[in-house]
Amino acid sequence: VQLQASGGGLVQAGGSLRLSCAASGRTFSMSPMGWFRQAPGKERDFVAAISWSGVSRNYADSVKGRFTVSRDNVKNTMYLQMNSLKPEDTAIYYCAASDRRGPQREIAYTGTFDYTYWGQGTLVTVSS
């Protein structure tokens, strides 16, 4: 069971990045998944989430209108398109997958406690 986040880097304010989260080891295409981020000295915060089908999505207020979460269940990969980046978006970004099954798979969960599997994180740095 492994989640591999990638795509982070250094970008100027106003720029864009696309993060990817590749899943392996089990069928993550059936799992709700999410993105979280953690800035230095701060707690891990919710960023975006997507249900297994992609129909349900949730976003933190701070990223609404700028970030878009999507997934490709054939490739077992989730994405986070980040536009209009701000210095306050600087953080390590983590992807996560839930163990929920049945009808609960169609919920885009926002709590860290909703997720069982976590990737190692990818650093996003936005310069002003």
# chains A, B, ... in the order shown; residues from 1 in each chain; ligands from 1
>>> select_by_dssp(residues="stretch 43-104 of chain A", states="strand (DSSP E or B)", output="PDB file with N, CA, C and O atoms, in the first residue's frame")
ATOM      1  N   ARG A  44      -1.655  20.106  10.280  1.00  0.00           N
ATOM      2  CA  ARG A  44      -2.006  19.656   8.938  1.00  0.00           C
ATOM      3  C   ARG A  44      -3.447  20.046   8.640  1.00  0.00           C
ATOM      4  O   ARG A  44      -4.364  19.686   9.380  1.00  0.00           O
ATOM      5  N   ASP A  45      -3.647  20.780   7.566  1.00  0.00           N
ATOM      6  CA  ASP A  45      -4.963  21.305   7.226  1.00  0.00           C
ATOM      7  C   ASP A  45      -5.518  20.679   5.958  1.00  0.00           C
ATOM      8  O   ASP A  45      -4.773  20.347   5.030  1.00  0.00           O
ATOM      9  N   PHE A  46      -6.817  20.604   5.917  1.00  0.00           N
ATOM     10  CA  PHE A  46      -7.529  20.112   4.744  1.00  0.00           C
ATOM     11  C   PHE A  46      -7.397  21.095   3.577  1.00  0.00           C
ATOM     12  O   PHE A  46      -7.468  22.316   3.779  1.00  0.00           O
ATOM     13  N   VAL A  47      -7.217  20.565   2.373  1.00  0.00           N
ATOM     14  CA  VAL A  47      -7.142  21.393   1.167  1.00  0.00           C
ATOM     15  C   VAL A  47      -8.283  21.050   0.207  1.00  0.00           C
ATOM     16  O   VAL A  47      -9.061  21.913  -0.171  1.00  0.00           O
ATOM     17  N   ALA A  48      -8.363  19.782  -0.188  1.00  0.00           N
ATOM     18  CA  ALA A  48      -9.380  19.367  -1.166  1.00  0.00           C
ATOM     19  C   ALA A  48      -9.605  17.870  -1.037  1.00  0.00           C
ATOM     20  O   ALA A  48      -8.721  17.139  -0.592  1.00  0.00           O
ATOM     21  N   ALA A  49     -10.797  17.438  -1.433  1.00  0.00           N
ATOM     22  CA  ALA A  49     -11.121  16.016  -1.368  1.00  0.00           C
ATOM     23  C   ALA A  49     -12.051  15.648  -2.515  1.00  0.00           C
ATOM     24  O   ALA A  49     -12.764  16.499  -3.060  1.00  0.00           O
ATOM     25  N   ILE A  50     -12.027  14.359  -2.851  1.00  0.00           N
ATOM     26  CA  ILE A  50     -12.841  13.880  -3.969  1.00  0.00           C
ATOM     27  C   ILE A  50     -13.344  12.481  -3.660  1.00  0.00           C
ATOM     28  O   ILE A  50     -12.616  11.647  -3.107  1.00  0.00           O
ATOM     29  N   ARG A  57     -16.948  16.681  -4.480  1.00  0.00           N
ATOM     30  CA  ARG A  57     -15.660  17.336  -4.206  1.00  0.00           C
ATOM     31  C   ARG A  57     -15.858  18.392  -3.129  1.00  0.00           C
ATOM     32  O   ARG A  57     -16.916  19.026  -3.061  1.00  0.00           O
ATOM     33  N   ASN A  58     -14.844  18.579  -2.318  1.00  0.00           N
ATOM     34  CA  ASN A  58     -14.855  19.616  -1.299  1.00  0.00           C
ATOM     35  C   ASN A  58     -13.544  20.372  -1.340  1.00  0.00           C
ATOM     36  O   ASN A  58     -12.497  19.798  -1.662  1.00  0.00           O
ATOM     37  N   TYR A  59     -13.622  21.652  -0.976  1.00  0.00           N
ATOM     38  CA  TYR A  59     -12.432  22.490  -0.948  1.00  0.00           C
ATOM     39  C   TYR A  59     -12.411  23.326   0.324  1.00  0.00           C
ATOM     40  O   TYR A  59     -13.461  23.748   0.820  1.00  0.00           O
ATOM     41  N   PHE A  67      -7.933  26.198  -6.747  1.00  0.00           N
ATOM     42  CA  PHE A  67      -7.465  24.815  -6.831  1.00  0.00           C
ATOM     43  C   PHE A  67      -8.585  23.917  -7.361  1.00  0.00           C
ATOM     44  O   PHE A  67      -9.761  24.156  -7.088  1.00  0.00           O
ATOM     45  N   THR A  68      -8.189  22.887  -8.095  1.00  0.00           N
ATOM     46  CA  THR A  68      -9.134  21.906  -8.606  1.00  0.00           C
ATOM     47  C   THR A  68      -8.589  20.499  -8.371  1.00  0.00           C
ATOM     48  O   THR A  68      -7.465  20.190  -8.791  1.00  0.00           O
ATOM     49  N   VAL A  69      -9.389  19.679  -7.709  1.00  0.00           N
ATOM     50  CA  VAL A  69      -9.015  18.285  -7.472  1.00  0.00           C
ATOM     51  C   VAL A  69      -9.697  17.402  -8.515  1.00  0.00           C
ATOM     52  O   VAL A  69     -10.855  17.639  -8.887  1.00  0.00           O
ATOM     53  N   SER A  70      -8.971  16.411  -9.000  1.00  0.00           N
ATOM     54  CA  SER A  70      -9.528  15.477  -9.981  1.00  0.00           C
ATOM     55  C   SER A  70      -8.848  14.124  -9.806  1.00  0.00           C
ATOM     56  O   SER A  70      -7.881  13.994  -9.034  1.00  0.00           O
ATOM     57  N   ARG A  71      -9.343  13.133 -10.500  1.00  0.00           N
ATOM     58  CA  ARG A  71      -8.743  11.802 -10.395  1.00  0.00           C
ATOM     59  C   ARG A  71      -8.948  11.041 -11.691  1.00  0.00           C
ATOM     60  O   ARG A  71      -9.907  11.294 -12.437  1.00  0.00           O
ATOM     61  N   ASP A  72      -8.044  10.089 -11.927  1.00  0.00           N
ATOM     62  CA  ASP A  72      -8.130   9.178 -13.060  1.00  0.00           C
ATOM     63  C   ASP A  72      -8.066   7.775 -12.475  1.00  0.00           C
ATOM     64  O   ASP A  72      -6.982   7.301 -12.101  1.00  0.00           O
ATOM     65  N   THR A  77      -4.623   7.516 -10.026  1.00  0.00           N
ATOM     66  CA  THR A  77      -3.917   8.752  -9.718  1.00  0.00           C
ATOM     67  C   THR A  77      -4.908   9.874  -9.434  1.00  0.00           C
ATOM     68  O   THR A  77      -5.930  10.010 -10.106  1.00  0.00           O
ATOM     69  N   MET A  78      -4.572  10.685  -8.423  1.00  0.00           N
ATOM     70  CA  MET A  78      -5.341  11.880  -8.095  1.00  0.00           C
ATOM     71  C   MET A  78      -4.474  13.093  -8.394  1.00  0.00           C
ATOM     72  O   MET A  78      -3.241  13.027  -8.283  1.00  0.00           O
ATOM     73  N   TYR A  79      -5.111  14.195  -8.749  1.00  0.00           N
ATOM     74  CA  TYR A  79      -4.388  15.414  -9.109  1.00  0.00           C
ATOM     75  C   TYR A  79      -4.895  16.599  -8.303  1.00  0.00           C
ATOM     76  O   TYR A  79      -6.037  16.617  -7.838  1.00  0.00           O
ATOM     77  N   LEU A  80      -4.043  17.607  -8.180  1.00  0.00           N
ATOM     78  CA  LEU A  80      -4.444  18.883  -7.616  1.00  0.00           C
ATOM     79  C   LEU A  80      -3.854  19.976  -8.498  1.00  0.00           C
ATOM     80  O   LEU A  80      -2.646  20.194  -8.482  1.00  0.00           O
ATOM     81  N   GLN A  81      -4.712  20.623  -9.276  1.00  0.00           N
ATOM     82  CA  GLN A  81      -4.281  21.754 -10.088  1.00  0.00           C
ATOM     83  C   GLN A  81      -4.374  23.002  -9.242  1.00  0.00           C
ATOM     84  O   GLN A  81      -5.455  23.343  -8.752  1.00  0.00           O
ATOM     85  N   MET A  82      -3.246  23.683  -9.084  1.00  0.00           N
ATOM     86  CA  MET A  82      -3.183  24.864  -8.230  1.00  0.00           C
ATOM     87  C   MET A  82      -2.848  26.076  -9.089  1.00  0.00           C
ATOM     88  O   MET A  82      -1.763  26.135  -9.680  1.00  0.00           O
ATOM     89  N   ALA A  91       3.749  25.112   1.697  1.00  0.00           N
ATOM     90  CA  ALA A  91       3.556  24.020   2.667  1.00  0.00           C
ATOM     91  C   ALA A  91       4.022  22.709   2.039  1.00  0.00           C
ATOM     92  O   ALA A  91       4.297  22.646   0.833  1.00  0.00           O
ATOM     93  N   ILE A  92       4.080  21.692   2.873  1.00  0.00           N
ATOM     94  CA  ILE A  92       4.213  20.337   2.363  1.00  0.00           C
ATOM     95  C   ILE A  92       2.801  19.819   2.104  1.00  0.00           C
ATOM     96  O   ILE A  92       1.943  19.879   2.987  1.00  0.00           O
ATOM     97  N   TYR A  93       2.589  19.308   0.915  1.00  0.00           N
ATOM     98  CA  TYR A  93       1.266  18.818   0.521  1.00  0.00           C
ATOM     99  C   TYR A  93       1.262  17.289   0.581  1.00  0.00           C
ATOM    100  O   TYR A  93       2.140  16.637   0.001  1.00  0.00           O
ATOM    101  N   TYR A  94       0.255  16.755   1.267  1.00  0.00           N
ATOM    102  CA  TYR A  94       0.122  15.319   1.444  1.00  0.00           C
ATOM    103  C   TYR A  94      -1.155  14.832   0.770  1.00  0.00           C
ATOM    104  O   TYR A  94      -2.196  15.487   0.864  1.00  0.00           O
ATOM    105  N   CYS A  95      -1.072  13.662   0.142  1.00  0.00           N
ATOM    106  CA  CYS A  95      -2.286  13.033  -0.359  1.00  0.00           C
ATOM    107  C   CYS A  95      -2.652  11.873   0.573  1.00  0.00           C
ATOM    108  O   CYS A  95      -1.789  11.318   1.268  1.00  0.00           O
ATOM    109  N   ALA A  96      -3.930  11.545   0.578  1.00  0.00           N
ATOM    110  CA  ALA A  96      -4.415  10.518   1.489  1.00  0.00           C
ATOM    111  C   ALA A  96      -5.567   9.752   0.846  1.00  0.00           C
ATOM    112  O   ALA A  96      -6.258  10.283  -0.035  1.00  0.00           O
ATOM    113  N   ALA A  97      -5.754   8.528   1.307  1.00  0.00           N
ATOM    114  CA  ALA A  97      -6.844   7.688   0.811  1.00  0.00           C
ATOM    115  C   ALA A  97      -7.607   7.098   1.989  1.00  0.00           C
ATOM    116  O   ALA A  97      -7.021   6.772   3.023  1.00  0.00           O
TER     117      ALA A  97
END
>>> select_by_dssp(residues="stretch 3-97 of chain A", states="helix (DSSP H, G or I)", output="number ranges by chain")
A: 28-30, 87-89
>>> closest_atom_pairs(of="stretch 19-106 of chain A", to="stretch 8-12 of chain A", cutoff="10 Å", atoms="only C-alpha atoms", output="JSON lines")
{"residue": "A:Leu19", "atom": "CA", "partner": "A:Gly8", "partner_atom": "CA", "distance": 6.3}
{"residue": "A:Ser20", "atom": "CA", "partner": "A:Gly8", "partner_atom": "CA", "distance": 8.9}
{"residue": "A:Ser84", "atom": "CA", "partner": "A:Gln12", "partner_atom": "CA", "distance": 9.5}
{"residue": "A:Leu85", "atom": "CA", "partner": "A:Gln12", "partner_atom": "CA", "distance": 7.6}
{"residue": "A:Lys86", "atom": "CA", "partner": "A:Gln12", "partner_atom": "CA", "distance": 8.1}
{"residue": "A:Pro87", "atom": "CA", "partner": "A:Gln12", "partner_atom": "CA", "distance": 8.2}
{"residue": "A:Thr90", "atom": "CA", "partner": "A:Leu10", "partner_atom": "CA", "distance": 9.2}
{"residue": "A:Ala91", "atom": "CA", "partner": "A:Gly8", "partner_atom": "CA", "distance": 9.7}
{"residue": "A:Ile92", "atom": "CA", "partner": "A:Gly8", "partner_atom": "CA", "distance": 8.4}
{"residue": "A:Tyr93", "atom": "CA", "partner": "A:Gly8", "partner_atom": "CA", "distance": 8.0}
>>> atom_distance(atom1="atom CA of A:Trp52", atom2="atom CA of A:Gln120")
21.1 Å
>>> closest_residue(among="A:Thr116, A:Ser127, A:Asn73, A:Thr122", to="A:Met30", atoms="only C-alpha atoms")
A:Asn73
>>> atom_distance(atom1="atom CA of A:Arg26", atom2="atom CA of A:Leu3")
10.1 Å
>>> closest_residue(among="A:Gly41, A:Thr110, A:Ala5, A:Arg105", to="A:Val55", atoms="only C-alpha atoms")
A:Arg105
>>> closest_residue(among="A:Ser128, A:Phe28, A:Ala39, A:Arg18", to="A:Val74", atoms="only C-alpha atoms")
A:Phe28
>>> atom_distance(atom1="atom CA of A:Val63", atom2="atom CA of A:Ala108")
15.6 Å
>>> closest_residue(among="A:Glu106, A:Gly15, A:Leu123, A:Ser6", to="A:Arg66", atoms="only C-alpha atoms")
A:Gly15
>>> closest_residue(among="A:Thr125, A:Ser51, A:Ser56, A:Asn76", to="A:Ala22", atoms="only C-alpha atoms")
A:Asn76
